[in-house]
Structure formats: structure tokens, C-alpha cells
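The file my_file-v2.txt comes next; it holds compact mmCIF, C-alpha atoms.
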```txt
# COMPACT_ATOMS: atom_id res chain seq x y z
CA MET P 1 -105.93 72.14 155.07
CA HIS P 2 -103.14 71.01 152.74
CA GLU P 3 -100.70 72.31 155.37
CA LEU P 4 -101.49 69.17 157.36
CA SER P 5 -100.59 66.79 154.57
CA LEU P 6 -97.47 68.82 153.78
CA LEU P 7 -96.38 68.42 157.38
CA GLU P 8 -96.93 64.67 157.10
CA ASP P 9 -94.49 64.79 154.19
CA VAL P 10 -92.07 66.85 156.28
CA LEU P 11 -92.27 64.20 159.00
CA GLN P 12 -91.51 61.50 156.48
CA ILE P 13 -88.42 63.42 155.33
CA LEU P 14 -87.31 63.68 158.97
CA GLU P 15 -87.78 59.95 159.50
CA GLU P 16 -85.96 58.97 156.32
CA ASN P 17 -83.01 61.19 157.17
CA ALA P 18 -82.90 59.87 160.75
CA GLU P 19 -81.81 56.55 159.36
CA SER P 20 -79.33 57.76 156.78
CA GLN P 21 -77.89 60.58 158.91
CA GLY P 22 -77.97 58.74 162.21
CA TYR P 23 -79.99 60.94 164.57
CA ARG P 24 -82.74 60.12 167.00
CA ARG P 25 -84.29 63.47 167.76
CA VAL P 26 -85.05 66.61 165.81
CA LYS P 27 -84.89 69.73 167.94
CA ARG P 28 -85.30 72.47 165.36
CA ILE P 29 -86.52 72.58 161.78
CA TRP P 30 -85.99 75.29 159.21
CA LEU P 31 -88.58 75.28 156.45
CA GLU P 32 -88.15 77.51 153.44
CA ILE P 33 -91.54 78.69 152.24
CA GLY P 34 -91.88 80.80 149.12
CA GLN P 35 -94.16 83.79 149.40
CA LEU P 36 -95.89 82.73 146.17
CA SER P 37 -96.34 79.10 147.22
CA CYS P 38 -99.81 77.98 148.30
CA VAL P 39 -98.71 77.67 151.90
CA GLU P 40 -99.85 79.87 154.70
CA PRO P 41 -97.03 80.04 157.31
CA GLU P 42 -99.51 80.61 160.15
CA ALA P 43 -101.44 77.46 159.20
CA LEU P 44 -98.16 75.53 159.19
CA ARG P 45 -97.29 76.78 162.65
CA PHE P 46 -100.77 75.94 163.87
CA ALA P 47 -100.61 72.32 162.70
CA PHE P 48 -96.94 71.70 163.34
CA ASP P 49 -97.06 70.69 167.02
CA ALA P 50 -100.00 68.35 166.46
CA VAL P 51 -98.36 66.53 163.55
CA MET P 52 -94.99 66.19 165.31
CA LYS P 53 -96.44 65.02 168.64
CA ASP P 54 -95.11 61.61 169.76
CA THR P 55 -92.66 61.47 166.86
CA LEU P 56 -88.91 62.01 166.68
CA ALA P 57 -89.66 65.72 166.31
CA ASP P 58 -91.92 66.02 169.34
CA ARG P 59 -91.66 69.56 170.72
CA ALA P 60 -89.23 70.61 168.01
CA ALA P 61 -89.02 74.32 167.23
CA LEU P 62 -90.20 75.47 163.82
CA GLU P 63 -88.37 78.23 161.95
CA ILE P 64 -89.98 79.47 158.76
CA VAL P 65 -87.64 81.15 156.29
CA GLU P 66 -89.71 83.11 153.80
CA GLN P 67 -88.41 83.24 150.25
CA PRO P 68 -89.52 86.40 148.46
CA GLY P 69 -91.15 86.21 145.04
CA GLN P 70 -89.16 87.10 141.95
CA GLY P 71 -89.80 86.86 138.23
CA GLU P 72 -88.71 87.76 134.71
CA CYS P 73 -91.03 90.20 132.98
CA ALA P 74 -91.92 89.27 129.40
CA GLY P 75 -92.60 92.94 128.67
CA CYS P 76 -89.42 94.70 129.82
CA HIS P 77 -87.23 91.60 130.31
CA ARG P 78 -86.14 92.73 133.75
CA THR P 79 -85.86 90.65 136.89
CA VAL P 80 -88.46 92.08 139.23
CA PRO P 81 -89.86 91.39 142.70
CA VAL P 82 -93.26 89.65 142.55
CA GLU P 83 -95.75 90.14 145.36
CA SER P 84 -98.59 88.00 144.08
CA LEU P 85 -99.45 85.75 141.15
CA TYR P 86 -101.77 88.39 139.69
CA ALA P 87 -99.62 91.47 140.24
CA PRO P 88 -98.36 93.27 137.12
CA CYS P 89 -94.66 94.00 136.59
CA PRO P 90 -93.76 96.84 138.99
CA GLN P 91 -91.46 98.32 136.30
CA CYS P 92 -93.63 98.35 133.18
CA GLY P 93 -97.11 97.18 134.21
CA HIS P 94 -97.03 94.11 131.96
CA TYR P 95 -98.95 91.11 133.35
CA GLU P 96 -96.84 88.31 131.90
CA VAL P 97 -94.20 87.76 134.56
CA GLN P 98 -92.51 84.36 134.62
CA ILE P 99 -92.02 83.37 138.26
CA THR P 100 -88.44 82.32 138.97
CA GLU P 101 -88.42 82.34 142.78
CA GLY P 102 -90.94 82.27 145.57
CA MET P 103 -92.67 78.93 144.95
CA ALA P 104 -90.33 76.86 147.15
CA MET P 105 -91.47 74.54 149.93
CA ARG P 106 -88.34 72.97 151.29
CA VAL P 107 -86.92 71.39 154.41
CA LYS P 108 -83.77 73.45 154.59
CA GLN P 109 -81.92 72.63 157.76
CA LEU P 110 -82.29 70.54 160.92
CA GLU P 111 -80.87 70.64 164.38
CA VAL P 112 -80.67 67.04 165.53
CA GLU P 113 -79.16 64.85 168.16
CA MET Q 1 -101.39 47.78 154.33
CA CYS Q 2 -100.82 48.48 150.70
CA SER Q 3 -98.99 45.70 148.91
CA THR Q 4 -97.15 47.75 146.30
CA CYS Q 5 -95.56 50.41 148.45
CA GLY Q 6 -96.39 49.60 152.06
CA CYS Q 7 -98.41 52.75 152.53
CA GLY Q 8 -101.19 53.10 155.05
CA HIS Q 9 -103.31 56.21 154.57
CA ALA Q 10 -105.98 56.17 157.24
CA GLU Q 11 -108.77 58.05 155.55
CA THR Q 12 -108.24 57.31 151.90
CA ARG Q 13 -110.35 54.64 150.26
CA ILE Q 14 -109.86 53.56 146.70
CA GLU Q 15 -112.53 51.23 145.42
CA THR Q 16 -111.61 47.56 145.93
CA HIS Q 17 -108.37 48.71 147.50
CA SER Q 18 -108.72 49.70 151.14
CA HIS Q 19 -105.87 51.04 153.15
CA ASP Q 20 -105.58 50.01 156.78
CA ALA Q 21 -105.35 52.55 159.56
CA ALA Q 22 -102.11 54.47 159.49
CA THR Q 23 -99.48 53.54 161.96
CA HIS Q 24 -96.45 54.69 160.04
CA HIS Q 25 -95.62 57.79 162.01
CA HIS Q 26 -96.15 56.77 165.59
CA HIS Q 27 -92.66 56.15 166.73
CA THR Q 28 -91.46 55.64 170.24
CA HIS Q 29 -90.02 58.77 171.64
CA GLN Q 30 -86.41 58.22 172.58
CA HIS Q 31 -84.47 60.46 174.89
CA SER Q 32 -80.89 61.03 174.04
CA ASP Q 33 -78.38 61.92 176.68
CA ALA Q 34 -75.06 61.21 175.11
CA HIS Q 35 -75.42 63.02 171.77
CA ASP Q 36 -74.75 66.66 171.18
CA ALA Q 37 -77.03 68.66 168.99
CA ARG Q 38 -75.72 69.19 165.46
CA ARG Q 39 -77.02 70.89 162.36
CA LEU Q 40 -77.74 69.21 159.06
CA GLN Q 41 -78.31 70.87 155.72
CA ILE Q 42 -81.19 68.95 154.17
CA GLU Q 43 -82.55 71.04 151.27
CA GLN Q 44 -85.35 68.60 150.43
CA ASP Q 45 -88.50 69.59 148.59
CA ILE Q 46 -91.54 68.97 150.82
CA LEU Q 47 -93.50 67.84 147.79
CA GLY Q 48 -90.61 65.68 146.58
CA ARG Q 49 -92.37 62.43 147.37
CA ASN Q 50 -95.58 63.48 145.64
CA ASN Q 51 -93.61 64.74 142.66
CA ALA Q 52 -91.75 61.45 142.37
CA TYR Q 53 -95.06 59.56 142.27
CA ALA Q 54 -96.37 62.09 139.75
CA GLU Q 55 -93.38 61.47 137.49
CA GLU Q 56 -94.02 57.73 137.72
CA ASN Q 57 -97.63 58.29 136.69
CA ARG Q 58 -96.55 60.59 133.88
CA ARG Q 59 -94.10 57.99 132.58
CA TYR Q 60 -96.83 55.35 132.66
CA PHE Q 61 -99.25 57.63 130.78
CA ARG Q 62 -96.60 58.41 128.17
CA GLN Q 63 -95.75 54.74 127.62
CA HIS Q 64 -99.41 53.88 127.13
CA GLY Q 65 -100.42 56.89 125.07
CA ILE Q 66 -102.84 58.03 127.77
CA PHE Q 67 -103.93 61.67 127.69
CA ALA Q 68 -104.56 62.49 131.36
CA LEU Q 69 -106.44 65.60 132.48
CA ASN Q 70 -106.78 66.80 136.06
CA LEU Q 71 -110.15 68.56 136.41
CA VAL Q 72 -110.33 71.04 139.25
CA SER Q 73 -113.03 73.48 140.38
CA ALA Q 74 -115.03 74.66 143.34
CA PRO Q 75 -117.87 72.30 144.33
CA GLY Q 76 -120.85 72.77 142.06
CA ALA Q 77 -119.08 74.22 139.00
CA GLY Q 78 -120.31 71.25 136.99
CA LYS Q 79 -117.34 68.90 136.80
CA THR Q 80 -119.38 65.71 136.82
CA ALA Q 81 -121.94 67.01 134.33
CA LEU Q 82 -119.06 68.10 132.11
CA LEU Q 83 -117.55 64.63 132.39
CA THR Q 84 -120.72 62.79 131.42
CA ALA Q 85 -121.30 65.14 128.46
CA THR Q 86 -117.66 64.80 127.38
CA ILE Q 87 -117.77 61.01 127.61
CA ASP Q 88 -120.96 60.89 125.53
CA ALA Q 89 -119.35 63.07 122.87
CA LEU Q 90 -116.00 61.24 122.79
CA LYS Q 91 -117.27 57.68 123.18
CA PRO Q 92 -117.42 56.97 119.44
CA HIS Q 93 -113.84 58.19 118.98
CA CYS Q 94 -111.77 56.81 121.85
CA ALA Q 95 -111.72 54.89 125.12
CA ILE Q 96 -112.19 57.00 128.25
CA GLY Q 97 -111.40 56.20 131.85
CA VAL Q 98 -112.34 58.28 134.88
CA ILE Q 99 -110.89 58.63 138.35
CA GLU Q 100 -113.39 60.30 140.66
CA GLY Q 101 -112.16 62.09 143.75
CA ASP Q 102 -114.56 63.05 146.53
CA GLN Q 103 -114.33 63.15 150.27
CA GLN Q 104 -117.23 60.74 150.63
CA THR Q 105 -119.74 58.62 148.65
CA ARG Q 106 -119.67 56.88 145.30
CA ARG Q 107 -122.42 59.03 143.85
CA ASP Q 108 -120.25 60.64 141.19
CA ALA Q 109 -118.72 57.34 140.13
CA ASP Q 110 -122.23 55.94 139.77
CA ARG Q 111 -123.18 58.84 137.50
CA ILE Q 112 -120.10 58.21 135.36
CA ARG Q 113 -120.67 54.46 135.27
CA GLU Q 114 -124.05 55.02 133.64
CA THR Q 115 -122.20 56.43 130.61
CA GLY Q 116 -120.39 53.13 130.18
CA ALA Q 117 -116.93 54.55 130.88
CA GLY Q 118 -114.55 52.75 133.23
CA VAL Q 119 -114.44 54.54 136.58
CA ILE Q 120 -112.69 54.26 139.93
CA GLN Q 121 -113.83 56.29 142.92
CA ILE Q 122 -111.28 57.58 145.41
CA ASN Q 123 -112.72 58.78 148.72
CA THR Q 124 -110.20 61.00 150.40
CA GLY Q 125 -111.99 60.97 153.76
CA LYS Q 126 -110.93 64.16 155.47
CA GLY Q 127 -108.44 64.91 152.71
CA CYS Q 128 -109.03 67.99 150.58
CA HIS Q 129 -107.19 66.93 147.41
CA LEU Q 130 -105.97 63.96 145.41
CA ASP Q 131 -102.27 63.22 145.46
CA ALA Q 132 -100.11 61.40 142.94
CA HIS Q 133 -99.80 58.33 145.13
CA MET Q 134 -103.58 57.80 145.34
CA VAL Q 135 -103.87 58.31 141.60
CA GLY Q 136 -101.12 55.75 140.94
CA HIS Q 137 -103.12 53.16 142.86
CA ALA Q 138 -106.36 54.14 141.16
CA VAL Q 139 -104.70 53.78 137.75
CA ALA Q 140 -103.48 50.30 138.72
CA GLU Q 141 -107.08 49.37 139.60
CA LEU Q 142 -108.66 51.04 136.60
CA GLN Q 143 -106.23 49.64 134.02
CA PRO Q 144 -107.01 52.28 131.40
CA ALA Q 145 -106.70 51.20 127.77
CA ASP Q 146 -103.70 52.24 125.67
CA ASP Q 147 -104.35 55.40 123.64
CA SER Q 148 -107.23 56.48 125.86
CA VAL Q 149 -108.31 59.65 127.62
CA LEU Q 150 -108.09 59.61 131.41
CA MET Q 151 -110.14 62.24 133.22
CA ILE Q 152 -109.22 62.73 136.86
CA GLU Q 153 -111.96 64.61 138.70
CA ASN Q 154 -110.28 66.18 141.70
CA VAL Q 155 -111.96 67.00 144.99
CA GLY Q 156 -114.10 70.14 144.64
CA ASN Q 157 -111.71 72.73 146.04
CA LEU Q 158 -109.95 75.67 144.40
CA VAL Q 159 -107.07 75.75 146.86
CA CYS Q 160 -105.26 72.53 147.75
CA PRO Q 161 -105.36 70.60 144.46
CA ALA Q 162 -103.32 73.42 142.86
CA MET Q 163 -100.09 72.24 144.40
CA PHE Q 164 -100.32 68.49 143.90
CA ASP Q 165 -99.04 67.29 140.55
CA LEU Q 166 -100.78 64.02 139.68
CA GLY Q 167 -98.76 63.31 136.55
CA GLU Q 168 -101.46 64.77 134.29
CA ALA Q 169 -100.80 66.37 130.91
CA HIS Q 170 -102.84 69.43 131.90
CA LYS Q 171 -104.78 70.85 134.80
CA VAL Q 172 -108.15 72.09 133.61
CA VAL Q 173 -109.95 74.54 135.89
CA ILE Q 174 -113.71 74.87 135.57
CA LEU Q 175 -115.54 77.99 136.61
CA SER Q 176 -119.30 78.37 136.19
CA VAL Q 177 -121.08 81.64 135.46
CA ALA Q 178 -123.11 81.08 138.63
CA GLU Q 179 -119.93 81.96 140.53
CA GLY Q 180 -118.08 85.27 140.74
CA GLU Q 181 -116.06 86.41 137.73
CA ASP Q 182 -113.25 87.41 140.09
CA LYS Q 183 -112.45 83.86 141.17
CA PRO Q 184 -109.17 83.86 139.19
CA LEU Q 185 -107.97 86.70 141.44
CA LYS Q 186 -109.37 85.21 144.62
CA TYR Q 187 -107.83 81.79 144.02
CA PRO Q 188 -104.81 82.67 141.86
CA ASP Q 189 -102.77 79.54 142.64
CA MET Q 190 -105.21 77.31 140.82
CA PHE Q 191 -105.57 79.57 137.78
CA TYR Q 192 -101.80 79.91 137.65
CA ALA Q 193 -101.35 76.11 137.74
CA ALA Q 194 -103.99 75.37 135.08
CA ASP Q 195 -103.36 75.30 131.33
CA VAL Q 196 -107.04 75.51 130.42
CA MET Q 197 -110.01 77.34 131.93
CA LEU Q 198 -113.51 76.24 131.05
CA ILE Q 199 -116.26 78.77 131.67
CA ASN Q 200 -119.25 76.48 132.18
CA LYS Q 201 -123.04 77.01 132.28
CA ILE Q 202 -122.94 79.81 129.68
CA ASP Q 203 -126.61 79.03 128.93
CA LEU Q 204 -127.33 80.78 132.25
CA LEU Q 205 -125.66 84.06 131.22
CA PRO Q 206 -128.95 85.90 130.61
CA TYR Q 207 -129.99 85.24 134.20
CA VAL Q 208 -126.82 85.99 136.16
CA GLU Q 209 -124.50 88.94 136.78
CA PHE Q 210 -121.34 87.49 135.30
CA ASP Q 211 -119.02 89.55 133.13
CA VAL Q 212 -117.33 87.01 130.85
CA GLN Q 213 -114.79 89.46 129.39
CA GLN Q 214 -113.82 90.65 132.85
CA CYS Q 215 -113.39 87.04 134.00
CA ILE Q 216 -111.14 86.32 131.02
CA ALA Q 217 -109.10 89.46 131.74
CA TYR Q 218 -108.64 88.43 135.37
CA ALA Q 219 -107.59 84.91 134.37
CA ARG Q 220 -104.99 86.33 131.97
CA GLU Q 221 -103.61 88.61 134.67
CA VAL Q 222 -102.77 85.49 136.66
CA ASN Q 223 -101.84 83.29 133.70
CA ALA Q 224 -101.25 85.06 130.40
CA GLY Q 225 -101.09 81.84 128.38
CA ILE Q 226 -104.20 80.08 129.74
CA ARG Q 227 -106.51 78.62 127.06
CA ILE Q 228 -110.14 79.58 127.65
CA ILE Q 229 -113.20 77.74 126.37
CA GLN Q 230 -116.77 78.88 127.08
CA LEU Q 231 -119.38 76.14 127.07
CA SER Q 232 -122.46 74.62 128.63
CA ALA Q 233 -122.05 70.98 129.59
CA THR Q 234 -125.76 70.35 130.16
CA ARG Q 235 -127.03 72.17 127.02
CA GLY Q 236 -124.08 71.19 124.84
CA ASN Q 237 -123.21 74.76 123.75
CA ASN Q 238 -119.71 74.84 122.28
CA LEU Q 239 -118.87 71.45 123.76
CA GLY Q 240 -117.22 70.63 120.43
CA GLU Q 241 -114.36 73.09 120.98
CA TRP Q 242 -113.49 71.29 124.20
CA THR Q 243 -113.79 67.77 122.81
CA GLU Q 244 -111.76 68.75 119.72
CA TRP Q 245 -109.01 70.00 122.00
CA ILE Q 246 -109.03 66.65 123.83
CA LYS Q 247 -108.93 64.72 120.56
CA GLN Q 248 -105.90 66.72 119.43
CA GLY Q 249 -104.15 66.11 122.74
CA LEU Q 250 -104.82 62.40 122.51
CA LYS Q 251 -103.61 62.22 118.92
CA GLN Q 252 -100.25 63.71 119.90
CA ARG Q 253 -99.77 61.03 122.52
CA ARG Q 254 -100.85 57.92 120.67
CA VAL Q 255 -98.36 55.10 120.86
CA ALA Q 256 -100.10 52.68 118.49
```
Let me see the file written as C-alpha cells.
Amino acid sequence: MHELSLLEDVLQILEENAESQGYRRVKRIWLEIGQLSCVEPEALRFAFDAVMKDTLADRAALEIVEQPGQGECAGCHRTVPVESLYAPCPQCGHYEVQITEGMAMRVKQLEVE
Amino acid sequence: MCSTCGCGHAETRIETHSHDAATHHHHTHQHSDAHDARRLQIEQDILGRNNAYAEENRRYFRQHGIFALNLVSAPGAGKTALLTATIDALKPHCAIGVIEGDQQTRRDADRIRETGAGVIQINTGKGCHLDAHMVGHAVAELQPADDSVLMIENVGNLVCPAMFDLGEAHKVVILSVAEGEDKPLKYPDMFYAADVMLINKIDLLPYVEFDVQQCIAYAREVNAGIRIIQLSATRGNNLGEWTEWIKQGLKQRRVA
């Protein structure tokens, strides 16, 4: 359910930028969503149209750019891909992997007019 | 409409501070004929607004020596019982304030009020978590004392509260032995975000199938550095380890 309130925050970002960047409509939105963030892309898509209805982003297209997980292993000190928060290091099996990428939730790019 | 920041959250109710119905995102749809589409690089964190409010809260807590804890768990893990037991144990040593988050009712706040601690209830309505903005308002209403402990009881939910920083010093996740020991794996975001895990209701261990060591191992797979305290809030078992940890945290933050 937090996808709904995140989208409300996305809408606020769109509205704030409309003033400063001088646009009236948002036609396409690129959201960067880390694979290790607590966001389910399908839930975002599901709620997106409802939240944007009757706003400056009514009927805008949603593009989700997934950011893969990555971390530094405290065991072997290598930079490794991370598939989940509880997965061990794929190189050495150590569990202490400091996440460096994959937590992002970002409005990346807009197509506006 | 809120007087400090002009907000208008429809469903949220903070005691003695009601927000009017939201109207802030119903804008007239305007058709544009003359403008061509163009692309803008925005690169803005979706949680940026929440995080800015959280930093404001954190600054306030630091200035006033307030040790703020964000208590999170599934419904029924014993957060409110833990709070009342903690307040009773800490009352002789320091001032304690409580912010109670629930979707509906003031029942929890009433339970806390009986202990004599200052308490503000936030009802999130349909909302599934507290955010930093609500907590900022609740703090303004509660006016916690300098050099006090502030316990923020989040909405009972192991998912959404993980991502919303409230400005707390630590997230504390509570898991009771009446639940599954594999919860840290099932809800890893929360156990990753927390600094402390309390395993509550340990007095029930003889009657339930709960492997404490396995639970601890799972929690450390998600979060190698998580501090773990086993206790029973209602029977008082090992409550002292928890309250000592709070006292130490408070001592490090004292401004007076």
C-alpha cells in the first residue's frame, strides 16, 4: 500500500517542477526503482493511473527503470551483485554485504509540454 | 488546513490537530496545443520530501537531547505492552513521551496515558505507516521534555514503515515467539532497516514451536550488525537489558 503514498510524492514532485520548469502537462515519466527497494513495480503500475487522474499527469505513460542490486562484501571485499537483502555473497558465501546500489526510488526523467 | 506547512492530509488525524480534506492535488486539466514535448532530467528522490521532514525532526531531537525510537512490528507482537512496561521501568529515571500510530481509535493512547506518560495519538486512517511529516506535527503537539525518551509506536505492519525515516535514532523491530521464526527472511526490508530486534513473549517459549537460535541466525543473514534482546514485556523477563540500552542511548544525547 505504500506505493500509493509514494505516488502522491511523485505527483508533488511533478507539480513543483511544473512551476520551476514551466510545463503544463506530463506525458511520460521515468521512475528508477532499485531491485532492493521496498517497492513492487507492479503495484506502482496498478496505482499510477488512479493517482495521476485529473492532474497534470493524467494519462501519462509510466516507464520503470529497474536498478539492479549491488554491494561490497565484508568477507572477500569484492563488489558483487545482490539479489535480495538476505542473500549471501555469491563469491564467498559471507552474509555481511553492504548494499551500495539497488535501494533507489527516483523520478529520473520527464517528457513534458 | 495545517497552519505550519499548509498540508491537508485527508485521512490523517493527530489529536487536537485535525487536517481538512485534501484538495492539494486536484488541478484543472489544461490542454496544450502550442508547446512541443520536451524531456527533462529530474533525478529527484521520491522520498526526498519525507527525508527532509525526517532531518528536521532529527535536528530537533538532537537540539533537545531527545532519544527517539521508532517501534515497528506486525500487529499483536506486543508493542503497546512493551511500551507500558518500559515506561514503568524508566519512569523513575527520565521523562518519556509517546507517539502512538494506529489506523483507527485512541485505545493504545489510553493505555499509555494510564502510565502517566505524555502521549499523542496519530490515526492514519487508511494509511499503513507513519511518515516524518505526521511525526513532526505530533512532536509539536506533544512538546516532549528536554533530555527525554520519545517512543514512536508505528502502525502494526512489517512492510511499509521500513522505508519511512521519521528522524528517529533507531528503528526497533519487535517479533514475538507466537509468530514464525522466519519473519526476518519473509520481511527482510524491516529487519534490514532496524538496528535492534526484540524477541518478545519469551515466557511463552515452552508452549510454542519457535526456534530462537534459528530466528537470530535469519535476522543476522539480513542484517549482520543487528542488536538482539530477548525479553517478555508482560512478565518482565530480561526487561532490564532493554531499558539499560535505552538509558545509555539517552545519556549519550543529553544536552543539559
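For Thr234 of chain Q, the non-local neighbours within 10 Å, defined as residues at least 6 positions apart in the same chain or in other chains and counting all atoms listed in the file, are Q:Gly78, Q:Ala81, Q:Leu82, Q:Thr84, Q:Ala85, Q:Asn200, Q:Lys201, Q:Ile202, Q:Asp203.
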Would you pick out the contacts of Pro68 of chain P at 12 Å or less, using all atoms listed in the file, so that residues sharing its chain but fewer than 5 positions from it are not included, and give the list as a PyMOL selection string?
chain P and resi 32-37+80-84+99-104
So the first atom is atom CA of Lys79 of chain Q and the second is atom CA of Ala224 of chain Q; what is the distance between them in Å, to one decimal place?
23.7 Å
At most 6 Å is the cut-off: for each residue in chain P with any atom that close to an atom of chain Q, write down the nearest atom pair and the distance in Å rounded to one decimal, counting only C-alpha atoms, chain first then increasing number, as CSV.
```
residue,atom,partner,partner_atom,distance
P:His2,CA,Q:Cys160,CA,5.6
P:Val10,CA,Q:Ile46,CA,5.9
P:Thr55,CA,Q:His27,CA,5.3
P:Leu85,CA,Q:Val222,CA,5.6
P:Tyr86,CA,Q:Val222,CA,4.3
P:Tyr95,CA,Q:Glu221,CA,5.5
P:Glu96,CA,Q:Ala224,CA,5.7
P:Met105,CA,Q:Ile46,CA,5.6
P:Arg106,CA,Q:Asp45,CA,4.3
P:Val107,CA,Q:Gln44,CA,5.1
P:Lys108,CA,Q:Glu43,CA,4.3
P:Gln109,CA,Q:Gln41,CA,4.5
P:Leu110,CA,Q:Leu40,CA,5.1
P:Glu111,CA,Q:Arg39,CA,4.4
P:Val112,CA,Q:Ala37,CA,5.3
P:Glu113,CA,Q:Ala37,CA,4.4
```
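Relative to atom CA of Arg254 of chain Q, atom CA of Phe61 of chain Q is found at 10.2 Å.
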How far is it from atom CA of Ala87 of chain P to atom CA of Val65 of chain P, in Å with one decimal?
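One can read the atom CA of Ala87 of chain P to atom CA of Val65 of chain P distance as 22.5 Å.
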Long-range neighbours of Asp88 of chain Q as a list in words, 12 Å cut-off, all atoms listed in the file, 5 positions minimum in chain
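Residues meeting the cut-off are Ala81, Leu82, Leu83, His93, Cys94, Ala95, Ile96, Ile112, Arg113, Glu114, Thr115, Gly116, Ala117, Ala233, Thr234, Gly236, Leu239, Gly240 and Thr243 of chain Q.
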With C-alpha atoms retained, export the selected residues as an mmCIF file, in the coordinates of the input.
```
data_model
loop_
_atom_site.group_PDB
_atom_site.id
_atom_site.type_symbol
_atom_site.label_atom_id
_atom_site.label_comp_id
_atom_site.auth_asym_id
_atom_site.auth_seq_id
_atom_site.Cartn_x
_atom_site.Cartn_y
_atom_site.Cartn_z
ATOM 1 C CA ALA Q 81 -121.940 67.010 134.330
ATOM 2 C CA LEU Q 82 -119.060 68.100 132.110
ATOM 3 C CA LEU Q 83 -117.550 64.630 132.390
ATOM 4 C CA HIS Q 93 -113.840 58.190 118.980
ATOM 5 C CA CYS Q 94 -111.770 56.810 121.850
ATOM 6 C CA ALA Q 95 -111.720 54.890 125.120
ATOM 7 C CA ILE Q 96 -112.190 57.000 128.250
ATOM 8 C CA ILE Q 112 -120.100 58.210 135.360
ATOM 9 C CA ARG Q 113 -120.670 54.460 135.270
ATOM 10 C CA GLU Q 114 -124.050 55.020 133.640
ATOM 11 C CA THR Q 115 -122.200 56.430 130.610
ATOM 12 C CA GLY Q 116 -120.390 53.130 130.180
ATOM 13 C CA ALA Q 117 -116.930 54.550 130.880
ATOM 14 C CA ALA Q 233 -122.050 70.980 129.590
ATOM 15 C CA THR Q 234 -125.760 70.350 130.160
ATOM 16 C CA GLY Q 236 -124.080 71.190 124.840
ATOM 17 C CA LEU Q 239 -118.870 71.450 123.760
ATOM 18 C CA GLY Q 240 -117.220 70.630 120.430
ATOM 19 C CA THR Q 243 -113.790 67.770 122.810
#
```
Place N, CA and C atoms on segment 98-110 of chain Q and deliver the coordinates as an mmCIF file, keeping the file's coordinate frame.
```
data_model
loop_
_atom_site.group_PDB
_atom_site.id
_atom_site.type_symbol
_atom_site.label_atom_id
_atom_site.label_comp_id
_atom_site.auth_asym_id
_atom_site.auth_seq_id
_atom_site.Cartn_x
_atom_site.Cartn_y
_atom_site.Cartn_z
ATOM 1 N N VAL Q 98 -112.118 57.172 133.940
ATOM 2 C CA VAL Q 98 -112.340 58.280 134.880
ATOM 3 C C VAL Q 98 -111.885 57.877 136.280
ATOM 4 N N ILE Q 99 -111.167 58.775 136.922
ATOM 5 C CA ILE Q 99 -110.890 58.630 138.350
ATOM 6 C C ILE Q 99 -111.637 59.742 139.059
ATOM 7 N N GLU Q 100 -112.513 59.361 139.982
ATOM 8 C CA GLU Q 100 -113.390 60.300 140.660
ATOM 9 C C GLU Q 100 -112.878 60.549 142.072
ATOM 10 N N GLY Q 101 -112.576 61.784 142.397
ATOM 11 C CA GLY Q 101 -112.160 62.090 143.750
ATOM 12 C C GLY Q 101 -113.244 62.857 144.496
ATOM 13 N N ASP Q 102 -113.629 62.344 145.647
ATOM 14 C CA ASP Q 102 -114.560 63.050 146.530
ATOM 15 C C ASP Q 102 -114.196 62.692 147.948
ATOM 16 N N GLN Q 103 -114.597 63.520 148.882
ATOM 17 C CA GLN Q 103 -114.330 63.150 150.270
ATOM 18 C C GLN Q 103 -115.120 61.903 150.658
ATOM 19 N N GLN Q 104 -116.379 61.876 150.269
ATOM 20 C CA GLN Q 104 -117.230 60.740 150.630
ATOM 21 C C GLN Q 104 -118.166 60.380 149.485
ATOM 22 N N THR Q 105 -118.719 59.213 149.530
ATOM 23 C CA THR Q 105 -119.740 58.620 148.650
ATOM 24 C C THR Q 105 -119.220 58.207 147.282
ATOM 25 N N ARG Q 106 -119.986 57.319 146.659
ATOM 26 C CA ARG Q 106 -119.670 56.880 145.300
ATOM 27 C C ARG Q 106 -120.652 57.454 144.289
ATOM 28 N N ARG Q 107 -121.338 58.519 144.692
ATOM 29 C CA ARG Q 107 -122.420 59.030 143.850
ATOM 30 C C ARG Q 107 -121.922 59.459 142.479
ATOM 31 N N ASP Q 108 -120.760 60.164 142.471
ATOM 32 C CA ASP Q 108 -120.250 60.640 141.190
ATOM 33 C C ASP Q 108 -119.811 59.485 140.305
ATOM 34 N N ALA Q 109 -119.164 58.498 140.922
ATOM 35 C CA ALA Q 109 -118.720 57.340 140.130
ATOM 36 C C ALA Q 109 -119.931 56.639 139.531
ATOM 37 N N ASP Q 110 -121.027 56.583 140.284
ATOM 38 C CA ASP Q 110 -122.230 55.940 139.770
ATOM 39 C C ASP Q 110 -122.781 56.695 138.560
#
```
